[in-house]
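Colleague: data_36.pdb is reproduced below (PDB, C-alpha atoms).
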ATOM      1  CA  MET U 118       7.364   9.136   7.537  1.00  0.00           C
ATOM      2  CA  PRO U 119       5.011  11.327   5.513  1.00  0.00           C
ATOM      3  CA  CYS U 120       4.529  10.802   1.816  1.00  0.00           C
ATOM      4  CA  PRO U 121       6.759  13.154  -0.236  1.00  0.00           C
ATOM      5  CA  ALA U 122       3.931  13.788  -2.703  1.00  0.00           C
ATOM      6  CA  ALA U 123       1.625  14.895   0.116  1.00  0.00           C
ATOM      7  CA  ILE U 124       4.261  17.240   1.512  1.00  0.00           C
ATOM      8  CA  THR U 125       4.799  18.718  -1.953  1.00  0.00           C
ATOM      9  CA  VAL U 126       1.074  19.315  -2.419  1.00  0.00           C
ATOM     10  CA  LEU U 127       0.817  20.911   1.010  1.00  0.00           C
ATOM     11  CA  LEU U 128       3.788  23.188   0.357  1.00  0.00           C
ATOM     12  CA  LEU U 129       2.443  24.256  -3.026  1.00  0.00           C
ATOM     13  CA  CYS U 130      -0.974  24.993  -1.576  1.00  0.00           C
ATOM     14  CA  LEU U 131       0.624  26.853   1.323  1.00  0.00           C
ATOM     15  CA  GLN U 132       2.520  29.011  -1.172  1.00  0.00           C
ATOM     16  CA  LEU U 133      -0.754  29.726  -2.991  1.00  0.00           C
ATOM     17  CA  LYS U 134      -2.481  30.454   0.349  1.00  0.00           C
ATOM     18  CA  GLU U 135      -4.981  27.624  -0.276  1.00  0.00           C
ATOM     19  CA  ILE U 136      -4.514  25.614   2.906  1.00  0.00           C
ATOM     20  CA  THR U 137      -7.957  24.027   2.878  1.00  0.00           C
ATOM     21  CA  LEU U 138      -7.487  22.916  -0.729  1.00  0.00           C
ATOM     22  CA  GLY U 139      -4.166  21.306   0.189  1.00  0.00           C
ATOM     23  CA  ALA U 140      -5.674  19.529   3.178  1.00  0.00           C
ATOM     24  CA  ALA U 141      -8.590  18.275   1.074  1.00  0.00           C
ATOM     25  CA  LEU U 142      -6.267  17.010  -1.663  1.00  0.00           C
ATOM     26  CA  VAL U 143      -4.035  15.184   0.802  1.00  0.00           C
ATOM     27  CA  PHE U 144      -7.076  13.698   2.547  1.00  0.00           C
ATOM     28  CA  CYS U 145      -8.502  12.384  -0.750  1.00  0.00           C
ATOM     29  CA  PHE U 146      -5.079  11.075  -1.771  1.00  0.00           C
ATOM     30  CA  SER U 147      -4.746   9.241   1.552  1.00  0.00           C
ATOM     31  CA  ILE U 148      -8.210   7.686   1.307  1.00  0.00           C
ATOM     32  CA  GLY U 149      -7.504   6.520  -2.245  1.00  0.00           C
ATOM     33  CA  LEU U 150      -4.153   5.070  -1.230  1.00  0.00           C
ATOM     34  CA  ALA U 151      -5.707   3.235   1.712  1.00  0.00           C
ATOM     35  CA  ILE U 152      -8.412   1.719  -0.495  1.00  0.00           C
ATOM     36  CA  THR U 153      -5.820   0.640  -3.057  1.00  0.00           C
ATOM     37  CA  LEU U 154      -3.582  -0.986  -0.444  1.00  0.00           C
ATOM     38  CA  VAL U 155      -6.499  -2.891   1.090  1.00  0.00           C
ATOM     39  CA  LYS U 156      -7.609  -4.162  -2.329  1.00  0.00           C
ATOM     40  CA  VAL U 157      -4.098  -5.270  -3.280  1.00  0.00           C
ATOM     41  CA  GLY U 158      -3.673  -7.041   0.070  1.00  0.00           C
ATOM     42  CA  ALA U 159      -7.011  -8.796  -0.280  1.00  0.00           C
ATOM     43  CA  ALA U 160      -6.201  -9.852  -3.846  1.00  0.00           C
ATOM     44  CA  ALA U 161      -2.813 -11.203  -2.745  1.00  0.00           C
ATOM     45  CA  THR U 162      -4.399 -13.156   0.098  1.00  0.00           C
ATOM     46  CA  ILE U 163      -7.115 -14.648  -2.080  1.00  0.00           C
ATOM     47  CA  SER U 164      -4.697 -15.532  -4.876  1.00  0.00           C
ATOM     48  CA  MET U 165      -2.218 -17.102  -2.430  1.00  0.00           C
ATOM     49  CA  ARG U 166      -4.996 -19.198  -0.914  1.00  0.00           C
ATOM     50  CA  HIS U 167      -6.112 -20.314  -4.376  1.00  0.00           C
ATOM     51  CA  ALA U 168      -2.560 -21.043  -5.535  1.00  0.00           C
ATOM     52  CA  SER U 169      -1.644 -23.004  -2.392  1.00  0.00           C
ATOM     53  CA  SER U 170      -4.715 -25.191  -2.798  1.00  0.00           C
ATOM     54  CA  ARG U 171      -3.672 -25.900  -6.381  1.00  0.00           C
ATOM     55  CA  PHE U 172       0.062 -26.334  -5.774  1.00  0.00           C
ATOM     56  CA  THR U 173       0.685 -28.159  -2.503  1.00  0.00           C
ATOM     57  CA  TRP U 174       4.411 -27.365  -2.433  1.00  0.00           C
ATOM     58  CA  LEU U 175       3.660 -23.633  -2.348  1.00  0.00           C
ATOM     59  CA  SER U 176       2.374 -23.704   1.230  1.00  0.00           C
ATOM     60  CA  THR U 177       5.576 -25.443   2.344  1.00  0.00           C
ATOM     61  CA  LEU U 178       7.649 -22.818   0.540  1.00  0.00           C
ATOM     62  CA  ALA U 179       5.672 -19.959   2.101  1.00  0.00           C
ATOM     63  CA  ARG U 180       6.069 -21.478   5.555  1.00  0.00           C
ATOM     64  CA  ARG U 181       9.870 -21.789   5.140  1.00  0.00           C
ATOM     65  CA  ALA U 182      10.460 -18.468   3.368  1.00  0.00           C
ATOM     66  CA  PRO U 183      11.049 -16.323   6.500  1.00  0.00           C
ATOM     67  CA  TYR U 184      13.877 -18.636   7.563  1.00  0.00           C
ATOM     68  CA  SER U 185      15.734 -18.592   4.238  1.00  0.00           C
ATOM     69  CA  PRO U 186      19.116 -16.826   4.290  1.00  0.00           C
ATOM     70  CA  ALA U 187      19.014 -13.274   2.997  1.00  0.00           C
ATOM     71  CA  ASP U 188      21.856 -12.041   0.823  1.00  0.00           C
TER      72      ASP U 188
END
Output the structure of this file as structure tokens.
Modeller:
Amino acid sequence: MPCPAAITVLLLCLQLKEITLGAALVFCFSIGLAITLVKVGAAATISMRHASSRFTWLSTLARRAPYSPAD
């Protein structure tokens, strides 16, 4: 599903007859979002590894979490 913000930018640029500007803005937005998501994922992985080495019960909790009942 496309990002609503990207669709809005494309529609606004289409209305202004600036299609290349809209495509460039959406491309830059997508690259920035991808970089942000990779950094957040890497930070979460590194912090989880550090926390599980410090708190031994955390690795057991993380291993059992997918099997916990969801409400």
Colleague: Counting all atoms listed in the file, what is within 10 Å of Thr125 (chain U), bar same-chain residues fewer than 6 positions away, as a list in words?
Modeller: Leu131, Gly139 and Val143 of chain U
Colleague: Those residues with C-alpha atoms, as a CSV table (one decimal), in the frame of the given file please?
Modeller:
chain,number,residue,atom,x,y,z
U,131,LEU,CA,0.6,26.9,1.3
U,139,GLY,CA,-4.2,21.3,0.2
U,143,VAL,CA,-4.0,15.2,0.8
Colleague: May I ask for the distance between CA of Leu127 (chain U) and CA of Ala140 (chain U), given in Å to one decimal place?
Modeller: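 These atoms are spaced 7.0 Å apart.
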Colleague: Expressed in Å to a single decimal, how great is the separation between CA of Arg181 (chain U) and CA of Arg166 (chain U)?
Modeller: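 Atom-to-atom, CA of Arg181 (chain U) and CA of Arg166 (chain U) are spaced 16.3 Å apart.
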Colleague: Using 8 Å of padding on each side, determine the axis-aligned box around all atoms of region 153-162 of chain U present in the file and give its centre and edge lengths in Å to one decimal, as AutoDock Vina command-line options.
Modeller:
--center_x -5.2 --center_y -6.3 --center_z -1.4 --size_x 20.8 --size_y 29.8 --size_z 20.9
Colleague: Which value, in Å to one decimal, gives the distance between CA of Ala151 (chain U) and CA of Ala123 (chain U)?
Modeller: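 So the two atoms, CA of Ala151 (chain U) and CA of Ala123 (chain U), lie 13.9 Å apart.
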Colleague: Missing atoms in region 164-187 of chain U need filling: write out N, CA and C atoms for it as an mmCIF file, in the coordinates of the input.
Modeller:
data_model
loop_
_atom_site.group_PDB
_atom_site.id
_atom_site.type_symbol
_atom_site.label_atom_id
_atom_site.label_comp_id
_atom_site.auth_asym_id
_atom_site.auth_seq_id
_atom_site.Cartn_x
_atom_site.Cartn_y
_atom_site.Cartn_z
ATOM 1 N N SER U 164 -5.446 -14.800 -3.858
ATOM 2 C CA SER U 164 -4.697 -15.532 -4.876
ATOM 3 C C SER U 164 -3.714 -16.514 -4.251
ATOM 4 N N MET U 165 -3.121 -16.169 -3.111
ATOM 5 C CA MET U 165 -2.218 -17.102 -2.430
ATOM 6 C C MET U 165 -2.987 -18.311 -1.914
ATOM 7 N N ARG U 166 -4.168 -18.082 -1.388
ATOM 8 C CA ARG U 166 -4.996 -19.198 -0.914
ATOM 9 C C ARG U 166 -5.382 -20.113 -2.067
ATOM 10 N N HIS U 167 -5.736 -19.527 -3.200
ATOM 11 C CA HIS U 167 -6.112 -20.314 -4.376
ATOM 12 C C HIS U 167 -4.903 -21.076 -4.929
ATOM 13 N N ALA U 168 -3.755 -20.403 -4.992
ATOM 14 C CA ALA U 168 -2.560 -21.043 -5.535
ATOM 15 C C ALA U 168 -2.052 -22.154 -4.619
ATOM 16 N N SER U 169 -2.132 -21.958 -3.302
ATOM 17 C CA SER U 169 -1.644 -23.004 -2.392
ATOM 18 C C SER U 169 -2.567 -24.217 -2.381
ATOM 19 N N SER U 170 -3.836 -24.026 -2.697
ATOM 20 C CA SER U 170 -4.715 -25.191 -2.798
ATOM 21 C C SER U 170 -4.452 -25.959 -4.099
ATOM 22 N N ARG U 171 -3.954 -25.258 -5.094
ATOM 23 C CA ARG U 171 -3.672 -25.900 -6.381
ATOM 24 C C ARG U 171 -2.286 -26.542 -6.405
ATOM 25 N N PHE U 172 -1.319 -25.850 -5.827
ATOM 26 C CA PHE U 172 0.062 -26.334 -5.774
ATOM 27 C C PHE U 172 0.418 -26.583 -4.318
ATOM 28 N N THR U 173 0.481 -27.835 -3.921
ATOM 29 C CA THR U 173 0.685 -28.159 -2.503
ATOM 30 C C THR U 173 2.065 -27.750 -2.004
ATOM 31 N N TRP U 174 3.059 -27.732 -2.854
ATOM 32 C CA TRP U 174 4.411 -27.365 -2.433
ATOM 33 C C TRP U 174 4.529 -25.882 -2.110
ATOM 34 N N LEU U 175 3.597 -25.076 -2.572
ATOM 35 C CA LEU U 175 3.660 -23.633 -2.348
ATOM 36 C C LEU U 175 3.454 -23.270 -0.879
ATOM 37 N N SER U 176 2.583 -23.994 -0.192
ATOM 38 C CA SER U 176 2.374 -23.704 1.230
ATOM 39 C C SER U 176 3.616 -24.042 2.041
ATOM 40 N N THR U 177 4.320 -25.104 1.667
ATOM 41 C CA THR U 177 5.576 -25.443 2.344
ATOM 42 C C THR U 177 6.621 -24.363 2.095
ATOM 43 N N LEU U 178 6.706 -23.883 0.874
ATOM 44 C CA LEU U 178 7.649 -22.818 0.540
ATOM 45 C C LEU U 178 7.330 -21.534 1.305
ATOM 46 N N ALA U 179 6.067 -21.173 1.391
ATOM 47 C CA ALA U 179 5.672 -19.959 2.101
ATOM 48 C C ALA U 179 5.947 -20.073 3.593
ATOM 49 N N ARG U 180 5.816 -21.270 4.137
ATOM 50 C CA ARG U 180 6.069 -21.478 5.555
ATOM 51 C C ARG U 180 7.567 -21.376 5.875
ATOM 52 N N ARG U 181 8.420 -21.804 4.922
ATOM 53 C CA ARG U 181 9.870 -21.789 5.140
ATOM 54 C C ARG U 181 10.548 -20.505 4.679
ATOM 55 N N ALA U 182 9.860 -19.675 3.947
ATOM 56 C CA ALA U 182 10.460 -18.468 3.368
ATOM 57 C C ALA U 182 11.056 -17.503 4.402
ATOM 58 N N PRO U 183 10.437 -17.264 5.549
ATOM 59 C CA PRO U 183 11.049 -16.323 6.500
ATOM 60 C C PRO U 183 12.383 -16.800 7.049
ATOM 61 N N TYR U 184 12.648 -18.094 7.000
ATOM 62 C CA TYR U 184 13.877 -18.636 7.563
ATOM 63 C C TYR U 184 14.975 -18.814 6.521
ATOM 64 N N SER U 185 14.708 -18.452 5.270
ATOM 65 C CA SER U 185 15.734 -18.592 4.238
ATOM 66 C C SER U 185 16.801 -17.511 4.420
ATOM 67 N N PRO U 186 18.048 -17.809 4.100
ATOM 68 C CA PRO U 186 19.116 -16.826 4.290
ATOM 69 C C PRO U 186 18.963 -15.656 3.316
ATOM 70 N N ALA U 187 19.105 -14.466 3.825
ATOM 71 C CA ALA U 187 19.014 -13.274 2.997
ATOM 72 C C ALA U 187 20.411 -12.848 2.565
#
